[in-house]
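Inspection log for the structure reproduced underneath, given as structure tokens.
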Amino acid sequence: MTDEQFDDLARSALSYEAGLPREGVWQQAKPMRESWLPTVREILLCGAIGALALLVVGVRIERGPLPERKQNPVIRAAMHDETHSALVSVTRIPGLG
Amino acid sequence: MESVALGQSEDRTRDRELARRCAAGDESALREILEDHEPRLRKLLYRNLGSLEDAEELAGTTLLKFWRSARGFRGACSLKSYLTRIALNLGRDQARRRRETVPVGADPKVAEEHPYLEKIRMGLLRLGPEDRELLTLYYLEEWDYGEIGDSLGITYDVIRTRLVRARKRLRQIVEEQN
């Protein structure tokens, strides 16, 4: 038998009709992912939107007017209404350490 | 000749697009790949392993493995060659695991055919993995040397040498059975 004859026989020996794609194979190959889990793209998108929102809120707070601080009327009277530079006062009471 | 090259270029573009979609998590791209390649991979694995169950399981594993590594597909070779390489590696691992109990069952559909053909199939399963893979691509897929080289990662000259050697070994095994 020549090599060519052997090749022909081998081709017909190995020929095999595989048919259509098997659904069982798809069930096995199908990526297993719970449908409620977000995709990486969704996570990145949500992160970007959240970061942008925080940035906008931060900028608005920074640009807004400073809130009025309530001043202690006793200190204010003691300082003769010069309390703009007095932000903190420490009072030591003898005997209390 | 130009139209062949043009067709190949279109195929490669489609392959890269499918891989890109898989990498982005598009399941329909994997489904398309399954429709295109699953029967061929199953057939190849069946002839390499001799078990339909294993062939079906490994065809699924091949696609899943591609899905997970689709980002790494650059289109240097065709998707067909790329998937074949994955499938053959998986087949080789499986054969190694089941070395003691390689299932060698006769093909049920061709029980009445010439006995020589069954001997060839049996003989193929008795060859080493390198020879078996080469002969299945050559006889079953009827690939040219370029495609075989892409899948097995060997050069034209090596394919030629190995093919002569593998055919000789197969003939010896078949003739020993006569």
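Residues in the structure tokens are numbered from 1 in each chain, the chains being A, B, ... in the order shown, and ligands are numbered from 1 in the order shown.
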Write out as a PyMOL selection string every residue belonging to chain A that has an atom at most 6 Å from any atom of chain B, counting only C-alpha atoms.
-> chain A and resi 11+13-15+18+21+25+28-29
Apply DSSP to the backbone of this structure and, from stretch 41-105 of chain B, keep only the residues in helix (DSSP H, G or I); write these as a ChimeraX atom specification.
-> /B:41-49,52-72,79-97,99-101
Since we have the selection now, will you write its residues out, keeping C-alpha atoms, as a compact mmCIF listing (two decimals), in the first residue's frame?
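Below is the file selection-v9.txt, written as the result:
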```txt
# COMPACT_ATOMS: atom_id res chain seq x y z
CA LEU B 41 -13.23 20.97 18.49
CA ARG B 42 -15.40 18.14 19.78
CA LYS B 43 -14.53 16.02 16.74
CA LEU B 44 -10.81 16.73 17.14
CA LEU B 45 -10.89 15.93 20.85
CA TYR B 46 -12.88 12.77 20.23
CA ARG B 47 -10.28 11.45 17.80
CA ASN B 48 -7.48 12.39 20.20
CA LEU B 49 -9.06 10.95 23.34
CA LEU B 52 -17.21 11.31 23.34
CA GLU B 53 -17.93 12.33 26.92
CA ASP B 54 -14.42 13.66 27.44
CA ALA B 55 -14.52 15.37 24.05
CA GLU B 56 -17.75 17.19 24.92
CA GLU B 57 -16.49 18.21 28.34
CA LEU B 58 -13.17 19.48 27.02
CA ALA B 59 -14.79 21.36 24.14
CA GLY B 60 -16.74 23.30 26.78
CA THR B 61 -13.62 23.81 28.87
CA THR B 62 -11.76 25.08 25.80
CA LEU B 63 -14.37 27.78 25.21
CA LEU B 64 -14.50 28.72 28.87
CA LYS B 65 -10.73 28.99 28.99
CA PHE B 66 -10.79 31.24 25.95
CA TRP B 67 -13.49 33.39 27.57
CA ARG B 68 -11.30 33.92 30.61
CA SER B 69 -8.19 34.75 28.60
CA ALA B 70 -9.78 36.54 25.62
CA ARG B 71 -7.98 39.75 26.52
CA GLY B 72 -4.70 38.00 25.69
CA LEU B 79 -9.04 31.98 16.34
CA LYS B 80 -9.37 28.48 14.86
CA SER B 81 -5.67 27.77 15.49
CA TYR B 82 -5.78 29.44 18.89
CA LEU B 83 -8.75 27.38 20.09
CA THR B 84 -7.23 24.23 18.63
CA ARG B 85 -4.06 24.83 20.63
CA ILE B 86 -6.07 25.22 23.85
CA ALA B 87 -8.12 22.10 23.07
CA LEU B 88 -5.06 19.98 22.29
CA ASN B 89 -3.31 21.07 25.48
CA LEU B 90 -6.39 20.19 27.50
CA GLY B 91 -6.65 16.87 25.64
CA ARG B 92 -3.04 16.09 26.40
CA ASP B 93 -3.53 16.80 30.12
CA GLN B 94 -6.65 14.65 30.15
CA ALA B 95 -4.86 11.78 28.39
CA ARG B 96 -2.03 12.02 30.90
CA ARG B 97 -4.47 11.85 33.82
CA ARG B 99 -3.19 7.09 30.99
CA GLU B 100 -4.05 3.83 32.68
CA THR B 101 -7.64 3.80 31.55
```
Hey, which of B:Asp131, B:Leu163, B:Gly123, B:Asp144 ends up closest to B:Gln177? Count only C-alpha atoms.
-> B:Gly123
Compare B:Glu32, B:Arg16, B:Glu175, B:Ser78 by their minimum atom-to-atom distance to B:Gly146, counting only C-alpha atoms, and give me the closest one.
->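 Checking each candidate against B:Gly146, we get B:Ser78 as the closest.
Note that atom CA of B:Gly75 and atom CA of B:Leu18 are 10.5 Å apart.
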